[in-house]
>>> print(open('run_33.tsv').read())   # TSV, C-alpha atoms
chain	number	residue	atom	x	y	z
V	4	MET	CA	106.86	104.12	102.05
V	5	ALA	CA	105.86	107.45	100.49
V	6	VAL	CA	102.40	108.75	101.36
V	7	GLU	CA	100.36	111.78	100.35
V	8	LEU	CA	98.27	113.40	103.09
V	9	GLY	CA	95.19	115.45	102.27
V	10	ILE	CA	91.89	116.57	103.73
V	11	ASP	CA	88.31	116.28	102.64
V	12	THR	CA	85.12	117.93	103.78
V	13	PHE	CA	81.40	117.78	103.17
V	14	GLY	CA	81.02	121.40	104.24
V	15	ASP	CA	79.01	120.53	107.35
V	16	VAL	CA	77.01	123.56	108.49
V	17	THR	CA	78.73	124.62	111.69
V	18	TRP	CA	78.46	126.64	114.85
V	19	ASP	CA	80.87	129.38	115.78
V	20	ASP	CA	83.08	129.06	118.86
V	21	ASP	CA	80.19	130.27	121.04
V	22	ASP	CA	77.81	127.58	119.71
V	23	ARG	CA	75.85	130.00	117.53
V	24	PRO	CA	74.74	128.74	114.10
V	25	VAL	CA	76.77	129.83	111.08
V	26	SER	CA	74.99	130.42	107.78
V	27	HIS	CA	75.37	128.11	104.81
V	28	ALA	CA	77.01	130.96	102.89
V	29	GLN	CA	79.56	131.59	105.63
V	30	THR	CA	80.27	127.87	105.85
V	31	VAL	CA	81.14	127.84	102.14
V	32	ARG	CA	83.49	130.80	102.64
V	33	ASN	CA	85.06	129.06	105.63
V	34	VAL	CA	85.78	125.96	103.52
V	35	VAL	CA	87.77	128.15	101.15
V	36	GLU	CA	89.82	129.48	104.07
V	37	GLN	CA	90.41	125.93	105.31
V	38	ALA	CA	91.76	125.01	101.89
V	39	VAL	CA	94.06	128.04	101.85
V	40	LEU	CA	95.49	126.96	105.20
V	41	ALA	CA	95.91	123.38	103.97
V	42	ASP	CA	97.95	124.74	101.06
V	43	GLN	CA	100.07	126.89	103.36
V	44	VAL	CA	100.94	124.02	105.72
V	45	GLY	CA	101.98	121.77	102.83
V	46	LEU	CA	99.14	119.26	102.61
V	47	HIS	CA	98.68	117.40	99.34
V	48	SER	CA	95.01	117.82	98.47
V	49	ILE	CA	91.49	118.81	99.38
V	50	GLY	CA	88.37	116.89	98.40
V	51	ILE	CA	84.93	118.47	98.63
V	52	GLY	CA	81.75	116.42	98.83
V	53	GLU	CA	78.41	116.99	97.12
V	54	HIS	CA	75.19	117.04	99.12
V	55	HIS	CA	71.73	118.52	98.66
V	56	ARG	CA	70.38	118.75	102.22
V	57	ASP	CA	70.28	121.33	105.00
V	58	ASP	CA	73.06	119.95	107.20
V	59	PHE	CA	75.69	120.38	104.46
V	60	ALA	CA	76.45	123.67	102.72
V	61	ILE	CA	78.05	122.53	99.45
V	62	SER	CA	75.91	121.37	96.55
V	63	ALA	CA	78.34	122.41	93.78
V	64	PRO	CA	81.85	121.29	94.80
V	65	ASP	CA	83.52	122.24	91.54
V	66	VAL	CA	82.39	125.87	91.95
V	67	VAL	CA	83.91	126.01	95.44
V	68	LEU	CA	87.06	124.33	94.11
V	69	ALA	CA	87.31	126.98	91.40
V	70	GLY	CA	87.33	129.63	94.12
V	71	ILE	CA	89.99	127.70	96.00
V	72	ALA	CA	92.08	127.43	92.82
V	73	THR	CA	92.47	131.20	92.73
V	74	ARG	CA	93.73	131.29	96.35
V	75	THR	CA	96.15	128.35	96.38
V	76	GLU	CA	99.31	127.29	94.57
V	77	ARG	CA	100.10	123.62	95.14
V	78	LEU	CA	97.02	121.94	96.63
V	79	ARG	CA	95.38	119.31	94.44
V	80	LEU	CA	91.67	120.04	94.03
V	81	GLY	CA	89.15	117.23	93.89
V	82	THR	CA	85.61	116.13	94.56
V	83	ALA	CA	84.69	113.76	97.35
V	84	VAL	CA	82.58	112.47	95.73
V	85	THR	CA	80.90	113.44	92.48
V	86	VAL	CA	77.61	111.51	92.46
V	87	LEU	CA	77.92	110.47	88.84
V	88	SER	CA	74.66	108.50	88.81
V	89	SER	CA	72.58	111.69	89.09
V	90	ASP	CA	74.81	113.91	86.98
V	91	ASP	CA	75.74	114.15	83.30
V	92	PRO	CA	79.18	112.68	82.53
V	93	VAL	CA	79.71	115.21	79.75
V	94	ARG	CA	79.04	118.15	82.07
V	95	VAL	CA	81.13	116.60	84.86
V	96	TYR	CA	84.04	116.24	82.48
V	97	GLU	CA	83.68	119.80	81.17
V	98	ARG	CA	83.47	121.29	84.67
V	99	LEU	CA	86.55	119.42	85.87
V	100	ALA	CA	88.47	120.23	82.69
V	101	THR	CA	87.68	123.90	83.30
V	102	LEU	CA	88.86	123.58	86.92
V	103	ASP	CA	92.03	121.92	85.65
V	104	ALA	CA	92.70	124.84	83.31
V	105	LEU	CA	92.01	127.39	86.03
V	106	SER	CA	94.30	125.63	88.52
V	107	HIS	CA	97.16	124.89	86.09
V	108	GLY	CA	96.61	121.12	86.17
V	109	ARG	CA	95.65	120.52	89.81
V	110	ALA	CA	92.15	119.09	89.29
V	111	GLU	CA	91.05	115.54	90.04
V	112	VAL	CA	87.69	113.83	90.40
V	113	VAL	CA	86.50	111.09	92.73
V	114	LEU	CA	83.49	109.34	91.25
V	115	GLY	CA	81.01	107.37	93.30
V	116	ARG	CA	77.40	106.45	93.84
V	117	GLY	CA	77.22	108.57	96.97
V	118	SER	CA	76.04	107.69	100.45
V	119	PHE	CA	72.88	109.84	100.18
V	120	THR	CA	70.16	109.64	97.53
V	121	GLU	CA	68.50	113.07	97.65
V	122	SER	CA	70.08	114.05	94.31
V	123	PHE	CA	68.07	111.40	92.41
V	124	PRO	CA	64.56	112.89	92.73
V	125	LEU	CA	66.04	116.40	92.73
V	126	PHE	CA	67.45	115.91	89.23
V	127	GLY	CA	64.70	113.65	87.90
V	128	TYR	CA	66.29	110.20	88.22
V	129	ASP	CA	64.60	107.01	89.36
V	130	LEU	CA	66.22	105.24	92.31
V	131	GLN	CA	65.21	101.94	90.72
V	132	ASP	CA	67.94	102.68	88.15
V	133	TYR	CA	70.54	103.29	90.89
V	134	GLU	CA	73.02	100.62	89.76
V	135	ALA	CA	72.36	100.84	86.02
V	136	LEU	CA	72.81	104.62	86.00
V	137	PHE	CA	76.23	104.39	87.60
V	138	GLU	CA	77.38	101.55	85.35
V	139	GLU	CA	76.44	103.35	82.14
V	140	LYS	CA	77.59	106.80	83.19
V	141	LEU	CA	80.94	105.52	84.41
V	142	ALA	CA	81.46	103.74	81.09
V	143	LEU	CA	80.71	107.00	79.25
V	144	PHE	CA	82.99	109.03	81.51
V	145	ALA	CA	85.81	106.53	81.02
V	146	ALA	CA	85.40	106.82	77.26
V	147	LEU	CA	85.49	110.62	77.42
V	148	ARG	CA	88.55	110.50	79.64
V	149	THR	CA	90.66	108.18	77.50
V	150	SER	CA	89.89	108.96	73.86
V	151	GLN	CA	88.20	111.82	72.08
V	152	PRO	CA	86.32	112.31	69.81
V	153	VAL	CA	83.74	109.90	71.24
V	154	THR	CA	80.81	108.19	69.60
V	155	TRP	CA	78.36	106.73	72.11
V	156	LYS	CA	74.96	105.06	72.03
V	157	GLY	CA	73.17	105.56	75.34
V	158	THR	CA	70.32	103.77	77.07
V	159	LEU	CA	70.04	105.92	80.20
V	160	THR	CA	72.39	108.58	78.78
V	161	GLN	CA	72.48	110.68	75.63
V	162	ASP	CA	73.81	109.59	72.24
V	163	LEU	CA	77.06	111.20	71.05
V	164	ARG	CA	78.49	111.24	67.56
V	165	ASP	CA	82.14	112.12	67.03
V	166	VAL	CA	82.15	114.52	70.02
V	167	SER	CA	85.15	116.30	71.51
V	168	LEU	CA	84.88	118.30	74.74
V	169	TYR	CA	86.46	121.60	75.68
V	170	PRO	CA	88.68	122.84	77.14
V	171	PRO	CA	91.05	119.98	76.36
V	172	LEU	CA	93.29	118.77	79.17
V	173	GLU	CA	96.79	120.25	78.94
V	174	ASN	CA	98.57	117.51	80.89
V	175	GLY	CA	97.10	114.15	79.95
V	176	PRO	CA	93.98	112.37	81.23
V	177	LEU	CA	92.06	113.83	84.15
V	178	PRO	CA	93.14	112.08	87.38
V	179	THR	CA	90.08	110.01	88.30
V	180	TRP	CA	89.45	107.86	91.38
V	181	ILE	CA	86.61	105.47	92.16
V	182	ALA	CA	85.23	105.72	95.69
V	183	VAL	CA	84.17	102.44	97.30
V	184	GLY	CA	82.39	102.02	100.61
V	185	GLY	CA	82.59	98.25	100.98
V	186	SER	CA	81.30	96.48	97.87
V	187	PRO	CA	83.57	93.89	96.18
V	188	GLN	CA	81.72	94.56	92.91
V	189	SER	CA	82.71	98.24	93.12
V	190	VAL	CA	86.33	97.29	93.79
V	191	VAL	CA	86.43	95.08	90.70
V	192	ARG	CA	84.72	97.83	88.67
V	193	ALA	CA	87.52	100.27	89.57
V	194	ALA	CA	90.10	97.72	88.48
V	195	HIS	CA	88.23	97.04	85.25
V	196	TYR	CA	88.45	100.71	84.26
V	197	ASP	CA	92.10	100.90	85.42
V	198	LEU	CA	91.26	103.71	87.86
V	199	PRO	CA	92.77	104.27	91.32
V	200	LEU	CA	90.77	103.11	94.34
V	201	MET	CA	89.60	105.38	97.17
V	202	LEU	CA	88.25	103.46	100.15
V	203	ALA	CA	85.68	105.46	102.14
V	204	ILE	CA	86.05	104.15	105.68
V	205	ILE	CA	83.52	105.58	108.11
V	206	GLY	CA	83.71	103.04	110.90
V	207	GLY	CA	85.45	99.96	112.20
V	208	PRO	CA	89.16	99.12	112.02
V	209	VAL	CA	91.05	99.91	108.83
V	210	GLU	CA	92.34	96.32	108.74
V	211	ARG	CA	88.91	94.99	107.80
V	212	PHE	CA	89.29	96.76	104.45
V	213	SER	CA	92.55	94.99	103.63
V	214	PRO	CA	90.69	92.29	101.62
V	215	PHE	CA	89.37	95.05	99.36
V	216	SER	CA	92.82	96.44	98.59
V	217	ASP	CA	94.05	92.88	98.00
V	218	LEU	CA	91.09	92.14	95.71
V	219	TYR	CA	91.73	95.36	93.80
V	220	ARG	CA	95.35	94.45	93.10
V	221	ARG	CA	94.44	90.92	92.04
V	222	ALA	CA	91.72	92.26	89.74
V	223	LEU	CA	94.11	94.78	88.18
V	224	ALA	CA	96.50	91.95	87.34
V	225	GLU	CA	93.71	89.78	85.91
V	226	PHE	CA	92.58	92.66	83.68
V	227	GLY	CA	96.16	93.13	82.51
V	228	HIS	CA	96.63	96.54	84.14
V	229	SER	CA	99.69	97.76	86.00
V	230	ASP	CA	99.49	98.66	89.68
V	231	ASN	CA	97.43	101.72	90.65
V	232	PRO	CA	97.34	103.78	93.85
V	233	VAL	CA	95.08	102.85	96.75
V	234	ALA	CA	93.92	105.60	99.09
V	235	TYR	CA	91.52	105.82	102.00
V	236	HIS	CA	89.69	108.44	103.99
V	237	SER	CA	88.36	108.48	107.50
V	238	TYR	CA	87.00	110.85	110.10
V	239	GLY	CA	89.53	112.72	112.18
V	240	TYR	CA	90.35	115.66	114.39
V	241	VAL	CA	93.66	116.86	115.79
V	242	ALA	CA	94.15	118.87	118.98
V	243	ASP	CA	97.10	119.44	121.29
V	244	THR	CA	96.22	116.49	123.53
V	245	ASP	CA	94.15	113.32	123.28
V	246	GLU	CA	91.81	114.55	125.99
V	247	GLN	CA	91.17	117.88	124.28
V	248	ALA	CA	90.57	116.25	120.89
V	249	ARG	CA	88.07	113.75	122.29
V	250	GLU	CA	86.22	116.37	124.32
V	251	GLU	CA	85.93	118.83	121.42
V	252	PHE	CA	85.02	116.24	118.79
V	253	PHE	CA	82.51	114.13	120.72
V	254	ARG	CA	79.52	116.49	120.73
V	255	PRO	CA	79.64	117.48	117.02
V	256	TYR	CA	80.22	113.84	116.06
V	257	THR	CA	77.25	112.74	118.15
V	258	ILE	CA	74.94	115.40	116.68
V	259	SER	CA	75.83	114.42	113.11
V	260	THR	CA	75.74	110.68	113.71
V	261	GLU	CA	72.41	110.81	115.57
V	262	ARG	CA	70.75	112.70	112.73
V	263	ILE	CA	72.04	110.48	109.93
V	264	GLY	CA	71.58	107.36	112.05
V	265	ALA	CA	67.93	108.19	112.69
V	266	GLU	CA	67.39	108.24	108.92
V	267	ARG	CA	69.17	104.92	108.42
V	268	GLY	CA	68.23	102.95	111.48
V	269	TRP	CA	71.62	103.09	113.20
V	270	PRO	CA	71.80	102.86	116.99
V	271	ALA	CA	72.38	106.17	118.73
V	272	PRO	CA	76.08	106.76	119.49
V	273	THR	CA	77.21	106.61	123.09
V	274	GLU	CA	80.37	107.76	124.77
V	275	GLU	CA	81.43	104.12	124.95
V	276	SER	CA	80.89	103.49	121.25
V	277	PHE	CA	82.69	106.74	120.43
V	278	LEU	CA	85.73	105.78	122.51
V	279	GLU	CA	85.74	102.30	120.99
V	280	GLU	CA	85.92	103.82	117.52
V	281	VAL	CA	88.61	106.30	118.53
V	282	GLU	CA	90.76	103.67	120.24
V	283	HIS	CA	90.23	100.68	117.94
V	284	GLY	CA	88.54	101.91	114.77
V	285	SER	CA	89.61	104.03	111.82
V	286	MET	CA	88.74	107.38	113.39
V	287	ALA	CA	91.92	109.46	113.79
V	288	VAL	CA	91.10	111.67	116.78
V	289	GLY	CA	93.73	112.81	119.24
V	290	SER	CA	97.06	114.52	119.66
V	291	PRO	CA	99.42	114.79	116.68
V	292	GLU	CA	101.32	111.72	117.88
V	293	THR	CA	98.15	109.63	118.32
V	294	VAL	CA	96.73	110.64	114.95
V	295	ALA	CA	100.05	110.01	113.20
V	296	ARG	CA	100.25	106.49	114.64
V	297	LYS	CA	96.67	105.76	113.54
V	298	ILE	CA	97.32	106.98	109.98
V	299	ALA	CA	100.64	105.18	109.63
V	300	ALA	CA	99.09	101.91	110.79
V	301	GLY	CA	96.21	102.28	108.31
V	302	VAL	CA	98.53	103.08	105.43
V	303	ARG	CA	100.58	99.95	106.17
V	304	ALA	CA	97.48	97.76	106.52
V	305	LEU	CA	96.15	98.75	103.09
V	306	GLY	CA	99.42	99.36	101.28
V	307	ALA	CA	97.98	102.83	100.64
V	308	SER	CA	99.87	105.71	99.12
V	309	ARG	CA	97.40	108.40	100.21
V	310	PHE	CA	95.24	109.27	103.21
V	311	ASP	CA	92.56	111.96	103.37
V	312	LEU	CA	91.40	113.18	106.77
V	313	LYS	CA	87.69	114.07	106.83
V	314	ILE	CA	87.99	117.26	108.81
V	315	SER	CA	84.35	118.38	109.10
V	316	THR	CA	81.92	116.50	111.31
V	317	GLY	CA	78.67	118.06	112.40
V	318	PRO	CA	78.77	121.62	113.77
V	319	LEU	CA	82.48	121.54	114.76
V	320	SER	CA	83.49	125.21	114.56
V	321	HIS	CA	85.63	126.81	111.86
V	322	GLY	CA	88.17	127.93	114.44
V	323	LYS	CA	88.66	124.40	115.74
V	324	LEU	CA	88.85	123.03	112.18
V	325	MET	CA	91.56	125.55	111.32
V	326	ARG	CA	93.62	124.52	114.35
V	327	SER	CA	93.17	120.86	113.44
V	328	ILE	CA	94.37	121.49	109.87
V	329	GLU	CA	97.36	123.44	111.15
V	330	LEU	CA	98.40	120.61	113.47
V	331	TYR	CA	97.77	118.01	110.77
V	332	GLY	CA	100.04	119.75	108.29
V	333	THR	CA	102.80	120.95	110.59
V	334	ARG	CA	103.04	118.11	113.11
V	335	VAL	CA	101.10	115.02	112.01
V	336	ALA	CA	102.39	114.89	108.44
V	337	PRO	CA	106.12	114.88	109.38
V	338	LEU	CA	105.48	112.24	112.06
V	339	VAL	CA	103.64	109.97	109.63
V	340	ARG	CA	106.45	110.19	107.10
V	341	ASP	CA	109.04	109.43	109.79
V	342	MET	CA	107.04	106.41	110.99
V	343	LEU	CA	106.66	105.04	107.47
V	344	ALA	CA	110.36	105.56	106.76
V	345	ASP	CA	111.31	103.07	109.50
>>> encode(input="run_33.tsv", output="structure tokens")
Amino acid sequence: MAVELGIDTFGDVTWDDDDRPVSHAQTVRNVVEQAVLADQVGLHSIGIGEHHRDDFAISAPDVVLAGIATRTERLRLGTAVTVLSSDDPVRVYERLATLDALSHGRAEVVLGRGSFTESFPLFGYDLQDYEALFEEKLALFAALRTSQPVTWKGTLTQDLRDVSLYPPLENGPLPTWIAVGGSPQSVVRAAHYDLPLMLAIIGGPVERFSPFSDLYRRALAEFGHSDNPVAYHSYGYVADTDEQAREEFFRPYTISTERIGAERGWPAPTEESFLEEVEHGSMAVGSPETVARKIAAGVRALGASRFDLKISTGPLSHGKLMRSIELYGTRVAPLVRDMLAD
């Protein structure tokens, strides 16, 4: 079974190796260096998330990706995710088409509703329209992606009359994924638009998402579409040993999870809950051998052709992230491919 292995990051604002805060600006520059290393060690892709809050440094992923495009040669460059509900599909398409031109055809976009909602009031959208905004904007984006010029009558979007966008794509339609966090309706929506499925797994065993990949494939067939790729992402961290990985990852993970959990009513993480997730959940934390086994098992469970390791979690330092990426590309990736070749 062939599999593509990439990374994604939300650009968490970090500490340095002496636990001193790093600026948002330096965090952005560090993400570029992480992408350069990912390219050098042969990883497939990087996805960059969009957030508008003080614990994440990146609010304009496509701008950061444009910088990465000038420093890399093979790495596919994507968003993770573009919050389409609070953006303009026309502008999203134009920005990604520009990135595609700059990178010689390496751009892709992952569209989703996002796990945070701060972009809605920031850009003047009403959260009461949360579902309707995504439905209409995805329909418009799909139209722009598949056939131009486009004529469109909007309710929550603009009207278009015989519009073509520039620059045109040189190599066919823009690769576009739909990110799904656990809604069957979202899975069917991805199949309806004949777009690949990206499962965002942030907790629990990968196997519990198998019904979603099965539903997606059934829905594709019912809509008369051919098979499409299924991918998934999950938290992870690679170190030389299991003990080192767990020790280095636990504190940043706890800091991030406690903050977000306090906003959402989650119970505070404990060492026991952390170890349960590492040992039995989707989180790929450990030595190269441990992480490779976790990824290979998840790929088999979902029939996935791609896995993205979420490398940034809380204030985990740039130096540790760079070492994790190095191990992921040079040691984990070959092990995963060997395991899946059996």
>>> closest_atom_pairs(input="run_33.tsv", of="range 225-255 of chain V", to="range 271-274 of chain V", cutoff="12 Å", atoms="only C-alpha atoms", output="Markdown table")
| residue | atom | partner | partner_atom | distance |
| --- | --- | --- | --- | --- |
| V:Arg249 | CA | V:Glu274 | CA | 10.1 |
| V:Glu250 | CA | V:Glu274 | CA | 10.4 |
| V:Phe252 | CA | V:Glu274 | CA | 11.4 |
| V:Phe253 | CA | V:Glu274 | CA | 7.8 |
| V:Arg254 | CA | V:Glu274 | CA | 9.7 |
| V:Pro255 | CA | V:Pro272 | CA | 11.6 |
>>> atom_distance(input="run_33.tsv", atom1="CA of Gly301 in chain V", atom2="CA of Ser216 in chain V")
11.8 Å
>>> closest_residue(input="run_33.tsv", among="V:His55, V:Thr17, V:Val288, V:Pro187", to="Arg32 in chain V", atoms="all atoms listed in the file")
V:Thr17
>>> residues_around(input="run_33.tsv", residues="Thr154 in chain V", least_positions_apart="4", cutoff="12 Å", atoms="all atoms listed in the file", output="list in words")
Leu143, Ala146, Leu147, Ser150, Gln161, Asp162, Leu163, Arg164, Asp165, Val166 and Ser167 of chain V
>>> write_last_selection(input="run_33.tsv", atoms="C-alpha atoms", output="PDB file, keeping the file's coordinate frame")
ATOM      1  CA  LEU V 143      80.710 107.000  79.250  1.00  0.00           C
ATOM      2  CA  ALA V 146      85.400 106.820  77.260  1.00  0.00           C
ATOM      3  CA  LEU V 147      85.490 110.620  77.420  1.00  0.00           C
ATOM      4  CA  SER V 150      89.890 108.960  73.860  1.00  0.00           C
ATOM      5  CA  GLN V 161      72.480 110.680  75.630  1.00  0.00           C
ATOM      6  CA  ASP V 162      73.810 109.590  72.240  1.00  0.00           C
ATOM      7  CA  LEU V 163      77.060 111.200  71.050  1.00  0.00           C
ATOM      8  CA  ARG V 164      78.490 111.240  67.560  1.00  0.00           C
ATOM      9  CA  ASP V 165      82.140 112.120  67.030  1.00  0.00           C
ATOM     10  CA  VAL V 166      82.150 114.520  70.020  1.00  0.00           C
ATOM     11  CA  SER V 167      85.150 116.300  71.510  1.00  0.00           C
TER      12      SER V 167
END
>>> residues_around(input="run_33.tsv", residues="Leu319 in chain V", least_positions_apart="6", cutoff="12 Å", atoms="all atoms listed in the file", output="PDB file with C-alpha atoms, in the frame of the given file")
ATOM      1  CA  THR V  12      85.120 117.930 103.780  1.00  0.00           C
ATOM      2  CA  GLY V  14      81.020 121.400 104.240  1.00  0.00           C
ATOM      3  CA  ASP V  15      79.010 120.530 107.350  1.00  0.00           C
ATOM      4  CA  VAL V  16      77.010 123.560 108.490  1.00  0.00           C
ATOM      5  CA  THR V  17      78.730 124.620 111.690  1.00  0.00           C
ATOM      6  CA  TRP V  18      78.460 126.640 114.850  1.00  0.00           C
ATOM      7  CA  ASP V  19      80.870 129.380 115.780  1.00  0.00           C
ATOM      8  CA  ASP V  20      83.080 129.060 118.860  1.00  0.00           C
ATOM      9  CA  ASP V  21      80.190 130.270 121.040  1.00  0.00           C
ATOM     10  CA  ASP V  22      77.810 127.580 119.710  1.00  0.00           C
ATOM     11  CA  ARG V  23      75.850 130.000 117.530  1.00  0.00           C
ATOM     12  CA  PRO V  24      74.740 128.740 114.100  1.00  0.00           C
ATOM     13  CA  VAL V  25      76.770 129.830 111.080  1.00  0.00           C
ATOM     14  CA  THR V  30      80.270 127.870 105.850  1.00  0.00           C
ATOM     15  CA  GLY V 239      89.530 112.720 112.180  1.00  0.00           C
ATOM     16  CA  TYR V 240      90.350 115.660 114.390  1.00  0.00           C
ATOM     17  CA  ALA V 248      90.570 116.250 120.890  1.00  0.00           C
ATOM     18  CA  GLU V 250      86.220 116.370 124.320  1.00  0.00           C
ATOM     19  CA  GLU V 251      85.930 118.830 121.420  1.00  0.00           C
ATOM     20  CA  PHE V 252      85.020 116.240 118.790  1.00  0.00           C
ATOM     21  CA  PHE V 253      82.510 114.130 120.720  1.00  0.00           C
ATOM     22  CA  ARG V 254      79.520 116.490 120.730  1.00  0.00           C
ATOM     23  CA  PRO V 255      79.640 117.480 117.020  1.00  0.00           C
ATOM     24  CA  TYR V 256      80.220 113.840 116.060  1.00  0.00           C
ATOM     25  CA  THR V 257      77.250 112.740 118.150  1.00  0.00           C
ATOM     26  CA  ILE V 258      74.940 115.400 116.680  1.00  0.00           C
ATOM     27  CA  SER V 259      75.830 114.420 113.110  1.00  0.00           C
ATOM     28  CA  MET V 325      91.560 125.550 111.320  1.00  0.00           C
ATOM     29  CA  ARG V 326      93.620 124.520 114.350  1.00  0.00           C
ATOM     30  CA  SER V 327      93.170 120.860 113.440  1.00  0.00           C
TER      31      SER V 327
END
>>> closest_residue(input="run_33.tsv", among="V:Gly50, V:Pro199, V:Gly284, V:Pro214", to="Asp230 in chain V", atoms="only C-alpha atoms")
V:Pro199
>>> residues_near_point(input="run_33.tsv", point="(91.9, 94.9, 90.3)", cutoff="6 Å", atoms="only C-alpha atoms", output="list in words")
Val191, Ala194, Tyr219, Arg220, Arg221, Ala222 and Leu223 of chain V
>>> atom_distance(input="run_33.tsv", atom1="CA of Val34 in chain V", atom2="CA of Gly332 in chain V")
16.3 Å
>>> residues_around(input="run_33.tsv", residues="Gly45 in chain V", least_positions_apart="3", cutoff="9 Å", atoms="all atoms listed in the file", output="list of chain:residue names")
V:Leu40, V:Ala41, V:Asp42, V:Arg77, V:Leu78, V:Gly332, V:Thr333, V:Ala336
>>> write_last_selection(input="run_33.tsv", atoms="C-alpha atoms", output="PDB file, keeping the file's coordinate frame")
ATOM      1  CA  LEU V  40      95.490 126.960 105.200  1.00  0.00           C
ATOM      2  CA  ALA V  41      95.910 123.380 103.970  1.00  0.00           C
ATOM      3  CA  ASP V  42      97.950 124.740 101.060  1.00  0.00           C
ATOM      4  CA  ARG V  77     100.100 123.620  95.140  1.00  0.00           C
ATOM      5  CA  LEU V  78      97.020 121.940  96.630  1.00  0.00           C
ATOM      6  CA  GLY V 332     100.040 119.750 108.290  1.00  0.00           C
ATOM      7  CA  THR V 333     102.800 120.950 110.590  1.00  0.00           C
ATOM      8  CA  ALA V 336     102.390 114.890 108.440  1.00  0.00           C
TER       9      ALA V 336
END
>>> atom_distance(input="run_33.tsv", atom1="CA of Pro124 in chain V", atom2="CA of Arg56 in chain V")
12.6 Å
>>> axis_aligned_box(input="run_33.tsv", around="range 13-17 of chain V", padding_each_side="5 Å", output="JSON")
{"center_x": 79.2, "center_y": 121.2, "center_z": 107.4, "size_x": 14.4, "size_y": 16.8, "size_z": 18.5}
>>> decode(input="run_33.tsv", residues="range 219-230 of chain V", atoms="N, CA, C and O atoms", output="PDB file, in the first residue's frame")
ATOM      1  N   TYR V 219     -17.851   7.420   3.214  1.00  0.00           N
ATOM      2  CA  TYR V 219     -17.362   8.250   2.113  1.00  0.00           C
ATOM      3  C   TYR V 219     -17.299   7.446   0.819  1.00  0.00           C
ATOM      4  O   TYR V 219     -17.777   7.903  -0.232  1.00  0.00           O
ATOM      5  N   ARG V 220     -16.754   6.253   0.886  1.00  0.00           N
ATOM      6  CA  ARG V 220     -16.626   5.440  -0.334  1.00  0.00           C
ATOM      7  C   ARG V 220     -17.989   4.987  -0.851  1.00  0.00           C
ATOM      8  O   ARG V 220     -18.219   4.950  -2.052  1.00  0.00           O
ATOM      9  N   ARG V 221     -18.909   4.663   0.059  1.00  0.00           N
ATOM     10  CA  ARG V 221     -20.258   4.303  -0.385  1.00  0.00           C
ATOM     11  C   ARG V 221     -20.945   5.498  -1.041  1.00  0.00           C
ATOM     12  O   ARG V 221     -21.613   5.364  -2.071  1.00  0.00           O
ATOM     13  N   ALA V 222     -20.785   6.680  -0.429  1.00  0.00           N
ATOM     14  CA  ALA V 222     -21.419   7.881  -0.978  1.00  0.00           C
ATOM     15  C   ALA V 222     -20.838   8.234  -2.338  1.00  0.00           C
ATOM     16  O   ALA V 222     -21.574   8.636  -3.252  1.00  0.00           O
ATOM     17  N   LEU V 223     -19.528   8.100  -2.502  1.00  0.00           N
ATOM     18  CA  LEU V 223     -18.923   8.341  -3.820  1.00  0.00           C
ATOM     19  C   LEU V 223     -19.578   7.470  -4.877  1.00  0.00           C
ATOM     20  O   LEU V 223     -19.923   7.940  -5.973  1.00  0.00           O
ATOM     21  N   ALA V 224     -19.738   6.194  -4.560  1.00  0.00           N
ATOM     22  CA  ALA V 224     -20.340   5.261  -5.525  1.00  0.00           C
ATOM     23  C   ALA V 224     -21.782   5.657  -5.823  1.00  0.00           C
ATOM     24  O   ALA V 224     -22.220   5.620  -6.994  1.00  0.00           O
ATOM     25  N   GLU V 225     -22.535   6.048  -4.795  1.00  0.00           N
ATOM     26  CA  GLU V 225     -23.936   6.412  -5.006  1.00  0.00           C
ATOM     27  C   GLU V 225     -24.072   7.678  -5.849  1.00  0.00           C
ATOM     28  O   GLU V 225     -25.035   7.830  -6.608  1.00  0.00           O
ATOM     29  N   PHE V 226     -23.094   8.587  -5.728  1.00  0.00           N
ATOM     30  CA  PHE V 226     -23.109   9.800  -6.551  1.00  0.00           C
ATOM     31  C   PHE V 226     -22.529   9.564  -7.943  1.00  0.00           C
ATOM     32  O   PHE V 226     -22.498  10.480  -8.772  1.00  0.00           O
ATOM     33  N   GLY V 227     -22.049   8.353  -8.192  1.00  0.00           N
ATOM     34  CA  GLY V 227     -21.507   8.035  -9.505  1.00  0.00           C
ATOM     35  C   GLY V 227     -20.087   8.508  -9.726  1.00  0.00           C
ATOM     36  O   GLY V 227     -19.632   8.639 -10.865  1.00  0.00           O
ATOM     37  N   HIS V 228     -19.342   8.729  -8.617  1.00  0.00           N
ATOM     38  CA  HIS V 228     -17.958   9.187  -8.732  1.00  0.00           C
ATOM     39  C   HIS V 228     -17.006   8.004  -8.573  1.00  0.00           C
ATOM     40  O   HIS V 228     -17.331   7.015  -7.908  1.00  0.00           O
ATOM     41  N   SER V 229     -15.834   8.122  -9.147  1.00  0.00           N
ATOM     42  CA  SER V 229     -14.800   7.110  -8.939  1.00  0.00           C
ATOM     43  C   SER V 229     -14.159   7.320  -7.567  1.00  0.00           C
ATOM     44  O   SER V 229     -14.398   8.323  -6.887  1.00  0.00           O
ATOM     45  N   ASP V 230     -13.323   6.364  -7.172  1.00  0.00           N
ATOM     46  CA  ASP V 230     -12.722   6.420  -5.842  1.00  0.00           C
ATOM     47  C   ASP V 230     -11.806   7.632  -5.723  1.00  0.00           C
ATOM     48  O   ASP V 230     -11.144   8.036  -6.680  1.00  0.00           O
TER      49      ASP V 230
END
